[in-house]
Amino acid sequence: MTGRAFPIGEDELQAFVDERLDGERRAAVEAHLASHPELAERIALERRQRAILRSRLEAKFAEPIPARLRIAHLRTARRTSWMNAWPRIAAAIALFAAGVMAGWFANRVVPVALPPAPTVSVAQGAQAAYRTFVVEVAHPVEVGVQQEAHLLQWLSKRLGRKLAAPDLSPFGYRLMGGRLLPGGSGAAAQLMYDDASGRRLTIYVRAAEGTETAFRFQREGDAATFAWIDQGFGFAVTATATRDELLPIAEAVYRGFEGKS
Amino acid sequence: MADAELLLEPLIPALRRYAYALLRDHDAADDLVQDTLERALSRWSLRRSDGDLRAWLFTIQRNLHVSALRQGRRRGAQVELDEATTPSSAAQQESGIEVQDILAALDQLPEEQKSLLLLVGVEDVSYDEAAKIIGVPTGTVMSRLSRGRQRLRTLLETGRTTLLRRVK
């Protein structure tokens with residue numbers, strides 16, 4: 001049987017777009033398209049749009065799973081929600097009573113500050129460092145890119161982790177240099193990049209608790225930050241950019257550091 | 001129930017991708033995925049052990065999305081308009097503009113066509129599975145897929161995606 005024995009239908013064209021035809025039928029469709037240039041153009045466009053759609057969403061697929069979507073986390077939340085209903089109601093009553101009493105002693109009430117999650121404190125550290133040094137004209141970096149090898153060796157030694165400078169040239173950013181900063185209970189490293197228009201971007205690394213790998217997005221004024229924890233270190237990428245612009249850069253940096261501890 | 005974690009977690013990236021493409025908002029997408037996973041966990045013992053777990057999860061997620069659309073039409077439309085007017089794409093390189101537009105263009109399609117383009121074209125769900133997820137015969141899947149792609153093509157060809165405002 002040749003392809004001509006079965007006329008090519010729209011279903012088959014769709015299956016061709018989806019690359020789901022086996023060799024014989026695919027060849028038949030290809031032959032049909034070869035003699036129908038207008039249809040061939042349409043199908044080529046549909047294939048191309050399918051490919052664009054896939055690549056547009058690839059980065060989303062590659063993102064690390066946020067902590068709140070981890071099954072273990074969801075399970076714990078579920079258990080607490082129905083097993084602990086009564087204690088929670090009791091707690092609510094107690095809180096209400098405490099609130100009433102607090103009203104009488106209003107002057108002495110101090111808000112309880114929870115310690116921030118590690119990613120939050122990394123993001124905050126990164127943003128503070130960004131704000132401080134990104135506006136610096138005379139000395140934006142402590143050691144310039146001319147001494148890149150020395151810079152990275154020095155920062156690696158002080159951090160206790162091998163530090164490489166990710167290549168951000170695909171995004172138009174080139175390394176300017178870096179500096180050492182106080183961060184958390186030890187040292188933090190800041191690498192600074194800029195693009196052709198002088199826009200600056202920083203990568204901030206310091207030791208941090210935890211092995212969680214979720215990306216956390218934070219914006220403060222113009223400065224946007226993606227921060228994450230990986231194998232005992234906190235990382236943050238900060239720039240004056242939109243979330244959508246910054247995300248692929250953060251992903252590239254994440255991939256650059258992943259597994260290089 | 002111990003196997004839920006092992007079986008579910010590898011499927012989360014695909015659920016997040018589908019949710020993000022539907023909503024074009026990272027946080028709202030993760031909310032949808034969380035609802036999906038919570039529902040799956042609460043019905044874990046009811047799932048058909050011979051059925052495809054991934055298709056089951058896509059079904060749950062799509063149903064949640066559709067019922068949320070029905071409940072909050074006005075709110076959903078507002079979010080889309082806000083995002084459509086964000087001038088972020090202007091700063092992106094040329095290839096970026098094209099791929100940015102494809103999600104905006106996809107957003108102009110009816111939900112069913114949009115879901116089919118995503119489930120079949122991106123998630124590689126089979127036509128038969130897609131038919132079960134959407135709840136229509138396979139033949140209908142094929143014709144809606146074709147119509148969806150045709151419409152997407154027209155939208156991108158005329159380049160009017162950013163000018164079009166969906167009227168609900």
# chains A, B, ... in the order shown; residues from 1 in each chain; ligands from 1
$ residues_around --residues "A:Pro66" --least-positions-apart "6" --cutoff "12 Å" --atoms "only C-alpha atoms" --output "ChimeraX atom specification"
/A:60,73-74,119,212-217,227-229 /B:9,12-13,16,26-27,29-31,33-34
$ closest_atom_pairs --of "chain A" --to "chain B" --cutoff "7 Å" --atoms "only C-alpha atoms" --output "tab-separated table"
residue	atom	partner	partner_atom	distance
A:Asp11	CA	B:Met142	CA	5.9
A:Gln14	CA	B:Ser146	CA	6.6
A:Asp18	CA	B:Gly121	CA	6.4
A:Glu46	CA	B:Arg149	CA	6.6
A:Arg50	CA	B:Gly121	CA	6.1
A:Ile52	CA	B:Val99	CA	6.2
A:Leu53	CA	B:Ile102	CA	6.5
A:Arg54	CA	B:Val122	CA	5.4
A:Arg56	CA	B:Val99	CA	5.8
A:Leu57	CA	B:Arg17	CA	6.5
A:Lys60	CA	B:Arg17	CA	5.6
A:Phe61	CA	B:Pro13	CA	5.0
A:Ile65	CA	B:Pro13	CA	7.0
A:Leu69	CA	B:Gln34	CA	5.9
A:Ile71	CA	B:Glu5	CA	5.5
A:Leu74	CA	B:Glu38	CA	6.9
A:Thr242	CA	B:Ser88	CA	6.7
$ write_last_selection --atoms "C-alpha atoms" --output "CSV table (one decimal), in the first residue's frame"
chain,number,residue,atom,x,y,z
A,11,ASP,CA,-6.0,14.2,12.0
A,14,GLN,CA,-1.9,17.0,13.5
A,18,ASP,CA,3.1,16.3,17.1
A,46,GLU,CA,2.4,24.8,13.3
A,50,ARG,CA,4.8,23.9,18.8
A,52,ILE,CA,8.5,27.7,20.4
A,53,LEU,CA,5.8,26.9,22.9
A,54,ARG,CA,7.9,24.0,24.3
A,56,ARG,CA,9.2,28.9,26.1
A,57,LEU,CA,8.1,26.6,28.9
A,60,LYS,CA,9.5,26.5,34.1
A,61,PHE,CA,9.9,22.8,33.9
A,65,ILE,CA,10.3,22.3,43.2
A,69,LEU,CA,4.8,21.9,47.0
A,71,ILE,CA,4.7,16.1,49.3
A,74,LEU,CA,1.7,19.0,52.1
A,242,THR,CA,11.7,42.4,35.9
$ atom_distance --atom1 "atom CA of A:Phe235" --atom2 "atom CA of A:Ala126"
8.5 Å
$ residues_around --residues "B:Pro110" --least-positions-apart "3" --cutoff "12 Å" --atoms "only C-alpha atoms" --output "list in words"
Leu22, Val66, Leu69, Ala105, Leu106, Asp107, Gln113, Lys114, Ser115, Leu116, Leu117, Arg144, Leu145, Arg147, Gly148, Arg149, Arg151, Leu152, Arg166, Val167 and Lys168 of chain B
$ write_last_selection --atoms "N, CA and C atoms" --output "PDB file, in the first residue's frame"
ATOM      1  N   LEU B  22      -1.206  28.070  31.821  1.00  0.00           N
ATOM      2  CA  LEU B  22      -2.621  28.421  31.919  1.00  0.00           C
ATOM      3  C   LEU B  22      -2.807  29.800  32.530  1.00  0.00           C
ATOM      4  N   VAL B  66     -10.664  25.017  35.633  1.00  0.00           N
ATOM      5  CA  VAL B  66     -11.911  25.377  34.958  1.00  0.00           C
ATOM      6  C   VAL B  66     -12.942  25.888  35.966  1.00  0.00           C
ATOM      7  N   LEU B  69     -12.032  29.325  36.963  1.00  0.00           N
ATOM      8  CA  LEU B  69     -12.366  30.273  35.898  1.00  0.00           C
ATOM      9  C   LEU B  69     -13.829  30.657  35.972  1.00  0.00           C
ATOM     10  N   ALA B 105      -0.549  34.857  23.078  1.00  0.00           N
ATOM     11  CA  ALA B 105      -1.436  34.431  21.996  1.00  0.00           C
ATOM     12  C   ALA B 105      -2.269  33.227  22.437  1.00  0.00           C
ATOM     13  N   LEU B 106      -1.602  32.309  23.114  1.00  0.00           N
ATOM     14  CA  LEU B 106      -2.286  31.105  23.602  1.00  0.00           C
ATOM     15  C   LEU B 106      -3.440  31.484  24.528  1.00  0.00           C
ATOM     16  N   ASP B 107      -3.214  32.557  25.253  1.00  0.00           N
ATOM     17  CA  ASP B 107      -4.208  33.012  26.203  1.00  0.00           C
ATOM     18  C   ASP B 107      -5.496  33.476  25.537  1.00  0.00           C
ATOM     19  N   GLN B 113      -9.119  24.531  23.941  1.00  0.00           N
ATOM     20  CA  GLN B 113      -8.072  24.495  22.913  1.00  0.00           C
ATOM     21  C   GLN B 113      -6.712  24.760  23.527  1.00  0.00           C
ATOM     22  N   LYS B 114      -6.692  25.703  24.456  1.00  0.00           N
ATOM     23  CA  LYS B 114      -5.441  26.042  25.133  1.00  0.00           C
ATOM     24  C   LYS B 114      -4.898  24.826  25.881  1.00  0.00           C
ATOM     25  N   SER B 115      -5.762  24.171  26.650  1.00  0.00           N
ATOM     26  CA  SER B 115      -5.332  22.993  27.404  1.00  0.00           C
ATOM     27  C   SER B 115      -4.843  21.890  26.477  1.00  0.00           C
ATOM     28  N   LEU B 116      -5.539  21.715  25.361  1.00  0.00           N
ATOM     29  CA  LEU B 116      -5.120  20.655  24.437  1.00  0.00           C
ATOM     30  C   LEU B 116      -3.755  20.956  23.826  1.00  0.00           C
ATOM     31  N   LEU B 117      -3.541  22.188  23.437  1.00  0.00           N
ATOM     32  CA  LEU B 117      -2.250  22.553  22.869  1.00  0.00           C
ATOM     33  C   LEU B 117      -1.126  22.320  23.876  1.00  0.00           C
ATOM     34  N   ARG B 144     -10.394  19.910  17.757  1.00  0.00           N
ATOM     35  CA  ARG B 144     -10.147  21.122  18.561  1.00  0.00           C
ATOM     36  C   ARG B 144      -8.674  21.490  18.555  1.00  0.00           C
ATOM     37  N   LEU B 145      -7.850  20.459  18.514  1.00  0.00           N
ATOM     38  CA  LEU B 145      -6.414  20.694  18.441  1.00  0.00           C
ATOM     39  C   LEU B 145      -6.086  21.440  17.152  1.00  0.00           C
ATOM     40  N   ARG B 147      -8.134  23.203  15.330  1.00  0.00           N
ATOM     41  CA  ARG B 147      -8.688  24.554  15.344  1.00  0.00           C
ATOM     42  C   ARG B 147      -7.845  25.483  16.218  1.00  0.00           C
ATOM     43  N   GLY B 148      -7.400  24.952  17.349  1.00  0.00           N
ATOM     44  CA  GLY B 148      -6.564  25.750  18.253  1.00  0.00           C
ATOM     45  C   GLY B 148      -5.277  26.187  17.583  1.00  0.00           C
ATOM     46  N   ARG B 149      -4.659  25.250  16.875  1.00  0.00           N
ATOM     47  CA  ARG B 149      -3.385  25.586  16.223  1.00  0.00           C
ATOM     48  C   ARG B 149      -3.598  26.584  15.101  1.00  0.00           C
ATOM     49  N   ARG B 151      -5.906  28.812  14.997  1.00  0.00           N
ATOM     50  CA  ARG B 151      -6.185  30.110  15.584  1.00  0.00           C
ATOM     51  C   ARG B 151      -4.903  30.776  16.114  1.00  0.00           C
ATOM     52  N   LEU B 152      -4.067  29.955  16.712  1.00  0.00           N
ATOM     53  CA  LEU B 152      -2.798  30.454  17.231  1.00  0.00           C
ATOM     54  C   LEU B 152      -1.960  31.028  16.091  1.00  0.00           C
ATOM     55  N   ARG B 166      -9.471  40.182  25.364  1.00  0.00           N
ATOM     56  CA  ARG B 166     -10.528  39.190  25.371  1.00  0.00           C
ATOM     57  C   ARG B 166     -11.775  39.788  25.997  1.00  0.00           C
ATOM     58  N   VAL B 167     -12.880  39.646  25.312  1.00  0.00           N
ATOM     59  CA  VAL B 167     -14.153  40.125  25.850  1.00  0.00           C
ATOM     60  C   VAL B 167     -14.916  38.928  26.360  1.00  0.00           C
ATOM     61  N   LYS B 168     -15.163  38.944  27.656  1.00  0.00           N
ATOM     62  CA  LYS B 168     -15.824  37.768  28.218  1.00  0.00           C
ATOM     63  C   LYS B 168     -17.291  38.037  28.439  1.00  0.00           C
TER      64      LYS B 168
END
$ select_by_dssp --residues "stretch 65-256 of chain A" --states "alpha helix (DSSP H)" --output "number ranges by chain"
A: 71-83, 85-104, 118-134, 148-159, 243-256
$ select_by_dssp --residues "stretch 101-224 of chain A" --states "strand (DSSP E or B)" --output "PyMOL selection string"
chain A and resi 143-144+174-183+186-194+200-207+216-220+223-224
$ write_last_selection --atoms "C-alpha atoms" --output "compact mmCIF listing (two decimals), in the first residue's frame"
# COMPACT_ATOMS: atom_id res chain seq x y z
CA VAL A 143 39.24 43.14 43.18
CA GLY A 144 38.68 43.72 39.48
CA ARG A 174 30.14 40.64 31.90
CA LEU A 175 32.06 40.23 35.11
CA MET A 176 33.43 43.41 36.70
CA GLY A 177 34.95 41.83 39.80
CA GLY A 178 33.94 41.09 43.34
CA ARG A 179 34.33 41.73 47.02
CA LEU A 180 34.20 40.12 50.42
CA LEU A 181 31.48 41.13 52.86
CA PRO A 182 30.30 40.15 56.30
CA GLY A 183 27.34 37.81 55.89
CA GLY A 186 30.72 34.30 58.44
CA ALA A 187 31.80 35.82 55.18
CA ALA A 188 29.82 36.54 52.04
CA ALA A 189 31.08 37.02 48.52
CA GLN A 190 29.62 39.42 46.00
CA LEU A 191 30.37 39.17 42.30
CA MET A 192 29.36 42.15 40.22
CA TYR A 193 28.50 42.19 36.54
CA ASP A 194 27.43 44.93 34.20
CA ARG A 200 24.62 46.12 37.18
CA LEU A 201 23.84 42.67 38.47
CA THR A 202 25.25 40.92 41.52
CA ILE A 203 25.63 37.34 42.63
CA TYR A 204 25.80 36.93 46.38
CA VAL A 205 26.97 33.76 48.11
CA ARG A 206 27.32 32.86 51.75
CA ALA A 207 27.03 29.87 54.04
CA ARG A 216 12.44 32.78 46.32
CA PHE A 217 11.64 36.00 44.53
CA GLN A 218 11.87 39.30 46.35
CA ARG A 219 11.61 42.85 45.12
CA GLU A 220 12.73 45.95 46.94
CA ALA A 223 16.02 45.72 42.77
CA ALA A 224 14.74 42.23 42.13
$ atom_distance --atom1 "atom CA of A:Ala34" --atom2 "atom CA of A:Ala51"
21.2 Å
$ atom_distance --atom1 "atom CA of A:Pro118" --atom2 "atom CA of A:Ala236"
11.5 Å
$ decode --residues "stretch 164-186 of chain A" --atoms "C-alpha atoms" --output "compact mmCIF listing (two decimals), in the first residue's frame"
# COMPACT_ATOMS: atom_id res chain seq x y z
CA ALA A 164 33.41 30.11 40.03
CA ALA A 165 32.12 33.18 38.22
CA PRO A 166 29.18 32.04 36.06
CA ASP A 167 29.36 33.17 32.46
CA LEU A 168 26.45 35.57 31.96
CA SER A 169 27.50 36.80 28.52
CA PRO A 170 24.44 35.15 26.90
CA PHE A 171 22.41 37.68 28.89
CA GLY A 172 24.70 40.58 28.00
CA TYR A 173 26.39 40.79 31.40
CA ARG A 174 30.14 40.64 31.90
CA LEU A 175 32.06 40.23 35.11
CA MET A 176 33.43 43.41 36.70
CA GLY A 177 34.95 41.83 39.80
CA GLY A 178 33.94 41.09 43.34
CA ARG A 179 34.33 41.73 47.02
CA LEU A 180 34.20 40.12 50.42
CA LEU A 181 31.48 41.13 52.86
CA PRO A 182 30.30 40.15 56.30
CA GLY A 183 27.34 37.81 55.89
CA GLY A 184 25.38 35.74 58.37
CA SER A 185 27.80 34.25 60.86
CA GLY A 186 30.72 34.30 58.44
